[in-house]
$ cat work-v3.csv   # CSV, C-alpha atoms
chain,number,residue,atom,x,y,z
A,1,MET,CA,89.9,39.2,51.6
A,2,ASN,CA,93.5,40.3,51.1
A,3,PRO,CA,95.5,41.5,54.0
A,4,PRO,CA,95.7,45.3,54.2
A,5,GLY,CA,98.3,46.8,51.9
A,6,SER,CA,98.6,43.7,49.7
A,7,THR,CA,98.0,43.7,46.0
A,8,SER,CA,96.1,41.1,43.9
A,9,ILE,CA,97.0,40.7,40.2
A,10,VAL,CA,94.2,40.7,37.6
A,11,ILE,CA,94.9,39.3,34.2
A,12,THR,CA,92.7,41.0,31.6
A,13,ASP,CA,91.1,39.5,28.6
A,14,THR,CA,90.4,41.2,25.2
A,15,SER,CA,86.6,41.5,25.9
A,16,ILE,CA,87.3,43.8,28.9
A,17,LEU,CA,89.8,46.0,27.0
A,18,ILE,CA,87.3,46.4,24.1
A,19,ASN,CA,84.4,47.3,26.5
A,20,LEU,CA,86.6,49.8,28.3
A,21,SER,CA,87.9,51.3,25.1
A,22,HIS,CA,84.2,52.0,24.1
A,23,THR,CA,83.5,53.8,27.4
A,24,GLY,CA,86.9,55.5,27.6
A,25,HIS,CA,87.7,54.1,31.0
A,26,LEU,CA,90.7,51.9,30.3
A,27,SER,CA,93.0,54.2,32.1
A,28,LEU,CA,91.0,53.8,35.3
A,29,LEU,CA,92.4,50.3,35.7
A,30,GLY,CA,95.5,51.6,37.4
A,31,LYS,CA,93.4,53.5,40.0
A,32,VAL,CA,91.9,50.5,41.9
A,33,VAL,CA,93.8,50.3,45.1
A,34,GLY,CA,94.9,46.7,45.8
A,35,LEU,CA,94.6,45.5,42.3
A,36,ARG,CA,97.3,45.5,39.6
A,37,PHE,CA,96.1,44.8,36.1
A,38,VAL,CA,98.2,42.8,33.6
A,39,VAL,CA,97.6,41.7,30.0
A,40,PRO,CA,99.1,38.7,28.2
A,41,ASP,CA,100.9,39.1,24.9
A,42,GLU,CA,98.2,37.0,23.2
A,43,VAL,CA,95.5,39.5,24.2
A,44,VAL,CA,97.5,42.4,22.9
A,45,ALA,CA,97.8,40.5,19.6
A,46,GLU,CA,94.0,40.1,19.5
A,47,VAL,CA,93.4,43.9,19.6
A,48,THR,CA,93.6,44.8,15.9
A,49,GLU,CA,91.2,47.7,15.5
A,50,THR,CA,93.4,50.9,15.2
A,51,GLU,CA,91.7,53.1,17.8
A,52,GLN,CA,91.4,50.3,20.3
A,53,LEU,CA,95.0,49.4,19.8
A,54,ARG,CA,96.0,53.1,20.4
A,55,ILE,CA,94.0,53.2,23.6
A,56,LEU,CA,95.6,49.9,24.8
A,57,GLU,CA,99.1,51.0,24.0
A,58,ALA,CA,98.4,54.3,25.9
A,59,ALA,CA,97.2,52.2,28.9
A,60,ILE,CA,100.4,50.1,28.8
A,61,ALA,CA,102.5,53.3,28.4
A,62,ASP,CA,100.9,55.0,31.4
A,63,GLY,CA,101.3,51.9,33.6
A,64,SER,CA,97.5,51.2,33.9
A,65,LEU,CA,98.4,47.8,32.4
A,66,THR,CA,101.5,45.7,32.4
A,67,ARG,CA,102.3,43.1,29.8
A,68,GLU,CA,102.9,39.5,30.9
A,69,SER,CA,104.1,36.4,29.0
A,70,ILE,CA,103.6,32.7,29.4
A,71,ALA,CA,106.9,31.7,30.9
A,72,SER,CA,107.1,28.0,31.9
A,73,PRO,CA,106.5,24.7,30.2
A,74,ASP,CA,103.6,24.0,32.5
A,75,GLU,CA,101.9,27.3,31.6
A,76,LEU,CA,102.5,26.6,27.9
A,77,ALA,CA,101.0,23.1,28.2
A,78,LEU,CA,98.0,24.5,29.9
A,79,PHE,CA,97.7,27.2,27.3
A,80,ALA,CA,97.8,24.6,24.6
A,81,GLU,CA,95.2,22.5,26.3
A,82,LEU,CA,92.8,25.5,26.7
A,83,SER,CA,93.4,26.7,23.2
A,84,GLN,CA,91.5,23.7,21.8
A,85,THR,CA,88.2,25.3,22.9
A,86,LEU,CA,89.1,28.9,23.8
A,87,GLY,CA,90.6,31.8,21.9
A,88,SER,CA,94.4,32.5,22.4
A,89,GLY,CA,93.8,35.5,24.6
A,90,GLU,CA,91.3,33.7,26.8
A,91,SER,CA,93.6,30.6,27.0
A,92,ALA,CA,96.6,32.7,28.0
A,93,CYS,CA,94.6,34.5,30.7
A,94,LEU,CA,93.3,31.3,32.2
A,95,ALA,CA,96.6,29.5,32.0
A,96,LEU,CA,98.4,32.4,33.8
A,97,ALA,CA,95.6,33.0,36.3
A,98,SER,CA,95.4,29.3,37.1
A,99,SER,CA,99.2,28.7,37.5
A,100,ARG,CA,100.0,32.0,39.3
A,101,GLY,CA,96.9,32.3,41.5
A,102,TRP,CA,95.8,35.5,39.8
A,103,ILE,CA,92.3,36.9,39.2
A,104,VAL,CA,90.9,36.8,35.7
A,105,ALA,CA,89.0,39.7,34.2
A,106,CYS,CA,86.8,38.7,31.3
A,107,ASP,CA,83.3,39.4,29.9
A,108,GLU,CA,83.0,36.2,27.9
A,109,LYS,CA,80.2,33.9,28.8
A,110,ARG,CA,79.2,30.3,28.2
A,111,VAL,CA,82.3,28.1,27.5
A,112,PHE,CA,84.9,30.6,28.9
A,113,ILE,CA,83.0,31.4,32.2
A,114,ARG,CA,82.3,27.7,32.7
A,115,GLU,CA,86.0,26.9,32.3
A,116,ALA,CA,87.1,29.8,34.5
A,117,ARG,CA,84.7,28.8,37.3
A,118,SER,CA,85.9,25.2,37.1
A,119,ARG,CA,89.6,26.2,37.3
A,120,LEU,CA,89.6,29.3,39.5
A,121,GLY,CA,86.3,29.2,41.4
A,122,ASP,CA,83.8,32.2,41.5
A,123,GLY,CA,86.1,34.2,43.8
A,124,ARG,CA,88.7,34.9,41.2
A,125,ILE,CA,86.6,36.3,38.3
A,126,LEU,CA,86.0,39.9,37.6
A,127,ASN,CA,83.9,41.4,34.7
A,128,THR,CA,83.1,44.9,33.4
A,129,PRO,CA,80.1,45.4,35.6
A,130,GLY,CA,82.2,44.3,38.5
A,131,LEU,CA,84.9,46.8,37.6
A,132,TYR,CA,82.3,49.7,37.6
A,133,VAL,CA,81.1,48.5,41.0
A,134,LEU,CA,84.7,48.7,42.3
A,135,TRP,CA,85.2,52.2,40.8
A,136,ILE,CA,82.0,53.4,42.3
A,137,ARG,CA,82.8,52.0,45.7
A,138,ALA,CA,86.3,53.5,45.6
A,139,GLY,CA,84.8,56.9,44.7
A,140,ILE,CA,86.5,57.0,41.3
A,141,LEU,CA,83.2,57.1,39.4
A,142,SER,CA,79.7,58.2,40.3
A,143,VAL,CA,76.7,56.0,39.8
A,144,GLU,CA,75.6,58.4,37.0
A,145,GLU,CA,78.9,58.1,35.2
A,146,ALA,CA,78.8,54.3,35.5
A,147,ASP,CA,75.2,54.3,34.2
A,148,ALA,CA,76.3,56.4,31.3
A,149,ALA,CA,79.0,53.9,30.5
A,150,LYS,CA,76.4,51.1,30.9
A,151,ALA,CA,74.3,52.8,28.2
A,152,ILE,CA,77.3,53.0,25.8
A,153,LEU,CA,78.0,49.3,26.3
A,154,ASP,CA,74.3,48.5,25.8
A,155,GLY,CA,74.6,50.2,22.4
A,156,ASN,CA,77.5,47.9,21.7
A,157,ARG,CA,75.5,44.8,22.4
A,158,PHE,CA,76.9,44.3,25.9
A,159,LYS,CA,73.8,44.0,28.1
A,160,MET,CA,73.8,44.0,31.9
A,161,SER,CA,71.1,42.3,34.1
A,162,PHE,CA,70.2,45.4,36.1
A,163,SER,CA,68.9,48.8,35.1
A,164,SER,CA,71.2,51.0,37.2
A,165,PHE,CA,74.5,50.5,39.2
A,166,ARG,CA,72.6,52.0,42.1
A,167,ASP,CA,70.8,48.6,42.4
A,168,VAL,CA,74.0,46.6,42.7
A,169,ILE,CA,76.6,48.6,44.6
B,1,MET,CA,93.6,15.8,2.8
B,2,GLY,CA,97.2,16.7,3.3
B,3,HIS,CA,96.6,19.7,1.0
B,4,VAL,CA,93.7,22.1,1.3
B,5,SER,CA,95.9,25.0,2.0
B,6,ARG,CA,99.0,26.4,0.5
B,7,GLU,CA,102.1,24.2,0.7
B,8,SER,CA,104.0,27.1,2.3
B,9,GLU,CA,101.7,26.8,5.3
B,10,ARG,CA,102.1,23.1,5.9
B,11,GLY,CA,104.6,23.7,8.7
B,12,ASP,CA,101.9,25.5,10.7
B,13,LEU,CA,100.6,23.0,13.2
B,14,LEU,CA,97.0,24.4,13.0
B,15,GLU,CA,97.1,24.1,9.3
B,16,VAL,CA,98.4,20.5,9.5
B,17,ARG,CA,95.6,19.6,11.9
B,18,ALA,CA,93.0,21.3,9.7
B,19,ASN,CA,94.3,19.4,6.7
B,20,VAL,CA,94.2,16.1,8.5
B,21,PHE,CA,90.7,16.9,9.7
B,22,ALA,CA,89.7,17.8,6.1
B,23,ALA,CA,91.2,14.7,4.7
B,24,ASN,CA,89.3,12.5,7.0
B,25,PHE,CA,86.2,14.4,6.4
B,26,LEU,CA,86.3,14.6,2.6
B,27,MET,CA,88.0,11.3,1.9
B,28,PRO,CA,87.1,8.8,4.7
B,29,GLU,CA,89.5,5.9,4.9
B,30,ASP,CA,86.9,3.1,4.3
B,31,GLY,CA,85.5,5.0,1.3
B,32,VAL,CA,89.0,5.5,-0.1
B,33,ARG,CA,90.0,1.8,0.2
B,34,GLN,CA,86.6,0.7,-1.3
B,35,PHE,CA,87.1,3.0,-4.2
B,36,VAL,CA,90.6,1.9,-4.8
B,37,ALA,CA,89.4,-1.7,-4.6
B,38,THR,CA,86.9,-1.0,-7.4
B,39,LEU,CA,89.8,0.0,-9.5
B,40,GLY,CA,91.3,-3.4,-8.9
B,41,LYS,CA,94.2,-1.9,-7.1
B,42,GLY,CA,95.5,-1.5,-3.6
B,43,SER,CA,95.9,-5.2,-2.8
B,44,ALA,CA,99.1,-6.6,-1.2
B,45,SER,CA,101.4,-8.2,-3.8
B,46,ARG,CA,101.2,-11.6,-2.0
B,47,LEU,CA,97.8,-12.9,-0.9
B,48,HIS,CA,97.2,-15.9,1.3
B,49,ALA,CA,93.9,-17.6,1.9
B,50,GLU,CA,92.6,-20.8,3.5
B,51,VAL,CA,89.8,-22.6,1.8
B,52,PHE,CA,87.8,-25.2,3.8
B,53,ASP,CA,86.3,-28.3,2.2
B,54,GLU,CA,85.3,-31.8,3.4
B,55,SER,CA,88.9,-33.0,3.5
B,56,GLY,CA,90.2,-30.1,5.5
B,57,VAL,CA,91.9,-26.8,5.0
B,58,VAL,CA,93.6,-26.0,1.7
B,59,PRO,CA,96.1,-23.1,1.9
B,60,ILE,CA,96.2,-21.0,-1.2
B,61,ASP,CA,98.9,-18.5,-2.0
B,62,SER,CA,98.7,-16.1,-4.9
B,63,ARG,CA,100.8,-13.3,-6.2
B,64,THR,CA,99.5,-10.3,-8.1
B,65,ALA,CA,101.2,-9.4,-11.4
B,66,GLY,CA,104.2,-7.1,-10.8
B,67,GLY,CA,103.1,-3.5,-10.8
B,68,SER,CA,99.4,-4.4,-11.3
B,69,GLN,CA,98.4,-2.9,-8.0
B,70,GLU,CA,100.1,0.4,-8.6
B,71,LEU,CA,97.8,3.4,-8.9
B,72,GLN,CA,98.3,5.4,-12.1
B,73,ILE,CA,97.7,9.0,-12.8
B,74,TYR,CA,94.4,8.2,-14.5
B,75,ASP,CA,93.3,6.2,-11.4
B,76,VAL,CA,94.1,9.3,-9.3
B,77,VAL,CA,92.1,11.5,-11.7
B,78,LYS,CA,89.1,9.3,-11.3
B,79,PHE,CA,89.6,9.2,-7.6
B,80,SER,CA,89.8,13.0,-7.3
B,81,HIS,CA,86.7,13.4,-9.3
B,82,HIS,CA,84.8,10.8,-7.2
B,83,PHE,CA,85.7,12.5,-3.9
B,84,GLY,CA,85.4,16.0,-5.3
B,85,VAL,CA,88.9,17.0,-4.4
B,86,SER,CA,92.0,18.2,-6.3
B,87,VAL,CA,94.5,15.7,-7.6
B,88,LEU,CA,97.1,17.0,-5.2
B,89,SER,CA,94.7,16.5,-2.2
B,90,ALA,CA,94.0,13.0,-3.5
B,91,LEU,CA,97.7,12.2,-3.8
B,92,TYR,CA,98.4,13.3,-0.2
B,93,ARG,CA,95.6,11.2,1.1
B,94,LEU,CA,96.6,8.2,-0.8
B,95,MET,CA,100.2,8.5,0.4
B,96,ASN,CA,99.1,9.0,4.0
B,97,LEU,CA,97.0,5.8,3.7
B,98,ARG,CA,100.1,4.1,2.2
B,99,LEU,CA,98.2,3.3,-1.0
B,100,ILE,CA,101.1,4.9,-2.9
B,101,THR,CA,104.7,5.3,-1.9
B,102,GLU,CA,106.6,8.6,-1.5
B,103,LYS,CA,108.3,7.8,-4.8
B,104,GLN,CA,105.0,7.3,-6.5
B,105,PHE,CA,103.7,10.4,-4.9
B,106,GLY,CA,106.5,12.4,-6.3
B,107,ASP,CA,106.2,10.9,-9.8
B,108,LEU,CA,102.4,11.4,-9.9
B,109,LYS,CA,102.7,14.9,-8.5
B,110,GLN,CA,105.1,15.8,-11.2
B,111,MET,CA,102.6,14.5,-13.8
B,112,ASP,CA,99.9,16.6,-12.3
B,113,SER,CA,102.1,19.7,-12.4
B,114,ASP,CA,102.9,18.9,-16.0
B,115,GLY,CA,99.2,19.2,-16.8
B,116,MET,CA,98.7,15.5,-17.4
B,117,SER,CA,95.8,15.1,-15.0
B,118,LYS,CA,93.9,17.9,-16.6
B,119,GLN,CA,94.4,16.3,-20.0
B,120,LEU,CA,93.2,13.0,-18.7
B,121,ALA,CA,90.2,14.6,-17.0
B,122,ASP,CA,89.2,16.2,-20.3
B,123,LEU,CA,89.8,12.9,-22.1
B,124,LEU,CA,87.7,11.0,-19.6
B,125,GLY,CA,85.0,13.6,-19.6
B,126,LEU,CA,85.6,14.4,-15.9
B,127,CYS,CA,85.4,17.9,-14.6
B,128,GLN,CA,88.5,18.3,-12.6
B,129,VAL,CA,88.1,20.0,-9.2
B,130,SER,CA,90.6,22.9,-8.9
B,131,GLU,CA,92.5,23.5,-5.7
B,132,VAL,CA,90.6,26.8,-5.2
B,133,GLU,CA,87.3,25.0,-5.4
B,134,THR,CA,88.5,22.4,-3.0
B,135,ILE,CA,89.6,25.1,-0.5
B,136,SER,CA,86.2,26.8,-0.9
B,137,ALA,CA,84.3,23.6,-0.2
B,138,PHE,CA,86.6,22.8,2.7
B,139,TYR,CA,86.2,26.3,4.2
B,140,ARG,CA,82.4,26.2,3.9
B,141,ARG,CA,82.2,22.9,5.7
B,142,TYR,CA,84.7,23.9,8.3
B,143,LEU,CA,83.0,27.2,9.0
B,144,VAL,CA,79.6,25.5,9.4
B,145,LEU,CA,81.2,23.0,11.8
B,146,ALA,CA,82.7,25.9,13.8
B,147,LEU,CA,79.3,27.6,14.0
B,148,GLU,CA,77.7,24.4,15.2
B,149,ALA,CA,80.5,23.8,17.8
B,150,TYR,CA,79.9,27.3,19.1
B,151,ARG,CA,76.1,26.8,19.2
B,152,ARG,CA,76.7,23.5,21.2
B,153,GLU,CA,79.1,25.3,23.6
B,154,LYS,CA,82.0,23.2,22.5
B,155,ILE,CA,84.1,26.3,21.7
B,156,SER,CA,84.1,29.9,22.9
B,157,ARG,CA,83.1,33.0,21.0
B,158,ARG,CA,86.7,34.0,20.7
B,159,LYS,CA,87.7,30.6,19.4
B,160,LEU,CA,84.9,30.9,16.8
B,161,ILE,CA,86.3,34.3,15.8
B,162,GLU,CA,89.8,32.8,15.6
B,163,ILE,CA,88.7,29.9,13.3
B,164,ALA,CA,86.7,32.3,11.1
B,165,SER,CA,89.7,34.6,10.9
B,166,LYS,CA,91.9,31.6,9.7
B,167,LEU,CA,89.2,31.1,7.0
B,168,GLY,CA,89.4,34.8,6.0
B,169,VAL,CA,86.1,35.8,7.7
B,170,GLY,CA,86.4,38.9,9.8
B,171,ALA,CA,85.2,39.1,13.5
B,172,THR,CA,82.4,41.6,12.7
B,173,GLU,CA,81.2,39.4,9.8
B,174,ILE,CA,81.0,36.2,11.9
B,175,GLU,CA,79.4,38.0,14.8
B,176,GLN,CA,76.7,39.3,12.5
B,177,VAL,CA,76.1,35.7,11.2
B,178,VAL,CA,75.8,34.5,14.8
B,179,GLN,CA,73.4,37.3,15.6
B,180,SER,CA,71.3,37.0,12.5
B,181,LEU,CA,71.0,33.2,12.8
B,182,GLY,CA,70.0,33.6,16.5
B,183,LEU,CA,72.5,30.9,17.3
B,184,VAL,CA,73.0,31.9,20.9
B,185,ARG,CA,71.1,34.1,23.4
B,186,ASP,CA,73.5,35.3,25.9
B,187,GLU,CA,72.1,36.2,29.3
B,188,PRO,CA,72.8,39.8,30.4
B,189,ALA,CA,75.9,40.1,32.5
B,190,GLU,CA,75.7,39.9,36.2
B,191,VAL,CA,78.2,41.7,38.5
B,192,LEU,CA,81.2,39.5,39.1
B,193,VAL,CA,83.6,40.8,41.7
B,194,PRO,CA,86.4,38.7,43.1
B,195,THR,CA,86.2,37.8,46.8
B,196,VAL,CA,89.9,38.3,47.1
B,197,GLN,CA,89.4,42.1,46.4
B,198,PRO,CA,90.9,44.5,48.8
$ encode --input "work-v3.csv" --output "structure tokens"
Amino acid sequence: MNPPGSTSIVITDTSILINLSHTGHLSLLGKVVGLRFVVPDEVVAEVTETEQLRILEAAIADGSLTRESIASPDELALFAELSQTLGSGESACLALASSRGWIVACDEKRVFIREARSRLGDGRILNTPGLYVLWIRAGILSVEEADAAKAILDGNRFKMSFSSFRDVI
Amino acid sequence: MGHVSRESERGDLLEVRANVFAANFLMPEDGVRQFVATLGKGSASRLHAEVFDESGVVPIDSRTAGGSQELQIYDVVKFSHHFGVSVLSALYRLMNLRLITEKQFGDLKQMDSDGMSKQLADLLGLCQVSEVETISAFYRRYLVLALEAYRREKISRRKLIEIASKLGVGATEIEQVVQSLGLVRDEPAEVLVPTVQP
């Protein structure tokens, strides 16, 4: 747990941005107390669909998200290493989270999640279901609103392992 | 193969790596050297051997006729037909394996540009593989390899999308292929919340 009043930084992958653009909840990222969400340049470059890009740019403009860049040779080296098996956005997220002690937010499974767990441990990973749990706990969304978002994501081939957020909060 | 993509993209590291990969894949070194040997080419100009008989070892030195080992444009045309690659791809591969010099490469490339290799291919009754066909063949093979790497969890979904995009295949298209082939069955997402949360 963080000391009271402190803020953890969460670096956000494309998969999260796309899921939240489907549900219309991207702007809620800025409302989680104690977490500040950032997005690497490589992730911004991966968002190419016009409407998703518009939503992303709006989130950056209103401060829900802040852009970050790879800034040191070590980070670049790690990015290059990860890029052999991961996409650019994923690699940038993991390189920055790994070198700066940040949390990574990503909905990718298999290779990515294995790599993230090995480099960051389970305690520094957040995904879309986890975000909804945080928003419900913070009173930002109701269970019903979160379940409605879950249904939208289900229609976009993002399945969750539970039938209602009521079961997991 | 040194050239499966446009020359203007050769500076791109990924392109270079893809080209090297393709060259090794389409024109393996052993196969290249064997083929060149069947043409009676590719030997060193000076050869040394030691022959054993009852009286001992007899050293033998020989020298090939000047220029006899040099690959000619018709050799390269046969080579490119054999490996199913373009003449230009063949030339890059031969140069990278030091079977032709940079000077020879330049001369042979010029002959190819002048249409000589096409004329020779017609003359020899060989169907010359165009650069476009080479690229298509390479892309197909590379895409299949990428799908297989994804299935075996060697690369991530986003990496697959990235590779597909380099090959001109859109994200939606490749995701549909993955779905329709049933390549992976992702488990539904659990809740992941960081323990360092406030």
$ interface_residues --input "work-v3.csv" --of "chain A" --to "chain B" --cutoff "9 Å" --atoms "all atoms listed in the file" --output "ChimeraX atom specification"
/A:1-8,33-35,83-90,103-104,107-112,122-131,133-134,158-162,168
$ atom_distance --input "work-v3.csv" --atom1 "atom CA of Thr38 of chain B" --atom2 "atom CA of Ala90 of chain B"
16.2 Å
$ atom_distance --input "work-v3.csv" --atom1 "atom CA of Asn24 of chain B" --atom2 "atom CA of Ile174 of chain B"
25.6 Å
$ residues_around --input "work-v3.csv" --residues "Arg185 of chain B" --least-positions-apart "5" --cutoff "10 Å" --atoms "all atoms listed in the file" --output "list in words"
Arg151, Val178 and Gln179 of chain B
$ write_last_selection --input "work-v3.csv" --atoms "C-alpha atoms" --output "PDB file, keeping the file's coordinate frame"
ATOM      1  CA  ARG B 151      76.100  26.800  19.200  1.00  0.00           C
ATOM      2  CA  VAL B 178      75.800  34.500  14.800  1.00  0.00           C
ATOM      3  CA  GLN B 179      73.400  37.300  15.600  1.00  0.00           C
TER       4      GLN B 179
END
$ residues_near_point --input "work-v3.csv" --point "(99.0, 40.9, 29.5)" --cutoff "9 Å" --atoms "all atoms listed in the file" --output "CSV table (one decimal) with C-alpha atoms, in the frame of the given file"
chain,number,residue,atom,x,y,z
A,11,ILE,CA,94.9,39.3,34.2
A,12,THR,CA,92.7,41.0,31.6
A,13,ASP,CA,91.1,39.5,28.6
A,37,PHE,CA,96.1,44.8,36.1
A,38,VAL,CA,98.2,42.8,33.6
A,39,VAL,CA,97.6,41.7,30.0
A,40,PRO,CA,99.1,38.7,28.2
A,41,ASP,CA,100.9,39.1,24.9
A,42,GLU,CA,98.2,37.0,23.2
A,43,VAL,CA,95.5,39.5,24.2
A,44,VAL,CA,97.5,42.4,22.9
A,65,LEU,CA,98.4,47.8,32.4
A,66,THR,CA,101.5,45.7,32.4
A,67,ARG,CA,102.3,43.1,29.8
A,68,GLU,CA,102.9,39.5,30.9
A,69,SER,CA,104.1,36.4,29.0
A,89,GLY,CA,93.8,35.5,24.6
A,92,ALA,CA,96.6,32.7,28.0
A,93,CYS,CA,94.6,34.5,30.7
$ residues_around --input "work-v3.csv" --residues "Leu76 of chain A" --least-positions-apart "3" --cutoff "12 Å" --atoms "all atoms listed in the file" --output "list in words"
Ser69, Ile70, Ala71, Ser72, Pro73, Phe79, Ala80, Glu81, Leu82, Ser83, Ser88, Ser91, Ala92, Cys93, Leu94, Ala95, Leu96, Ser98 and Ser99 of chain A
$ residues_around --input "work-v3.csv" --residues "Leu97 of chain B" --least-positions-apart "2" --cutoff "9 Å" --atoms "all atoms listed in the file" --output "ChimeraX atom specification"
/B:29,32-33,92-95,99-100
$ atom_distance --input "work-v3.csv" --atom1 "atom CA of Leu126 of chain B" --atom2 "atom CA of Ser80 of chain B"
9.7 Å
$ residues_around --input "work-v3.csv" --residues "segment 15-20 of chain A" --least-positions-apart "4" --cutoff "6 Å" --atoms "only C-alpha atoms" --output "VMD selection string"
chain A and resid 24 to 26 106 to 107
$ closest_residue --input "work-v3.csv" --among "B:Ile73, B:Leu143, B:His82, B:Asn96" --to "Leu120 of chain B" --atoms "only C-alpha atoms"
B:Ile73
$ residues_around --input "work-v3.csv" --residues "segment 146-157 of chain A" --least-positions-apart "5" --cutoff "8 Å" --atoms "all atoms listed in the file" --output "list in words"
Asn19, His22, Thr23, Tyr132, Ile136, Leu141, Ser164 and Phe165 of chain A
$ closest_residue --input "work-v3.csv" --among "B:Gly115, B:Ser89, B:Val20, B:Phe25" --to "Leu145 of chain B" --atoms "all atoms listed in the file"
B:Phe25
$ closest_residue --input "work-v3.csv" --among "B:Asp122, B:Val87, B:Phe79, B:Leu71" --to "Gln104 of chain B" --atoms "all atoms listed in the file"
B:Leu71
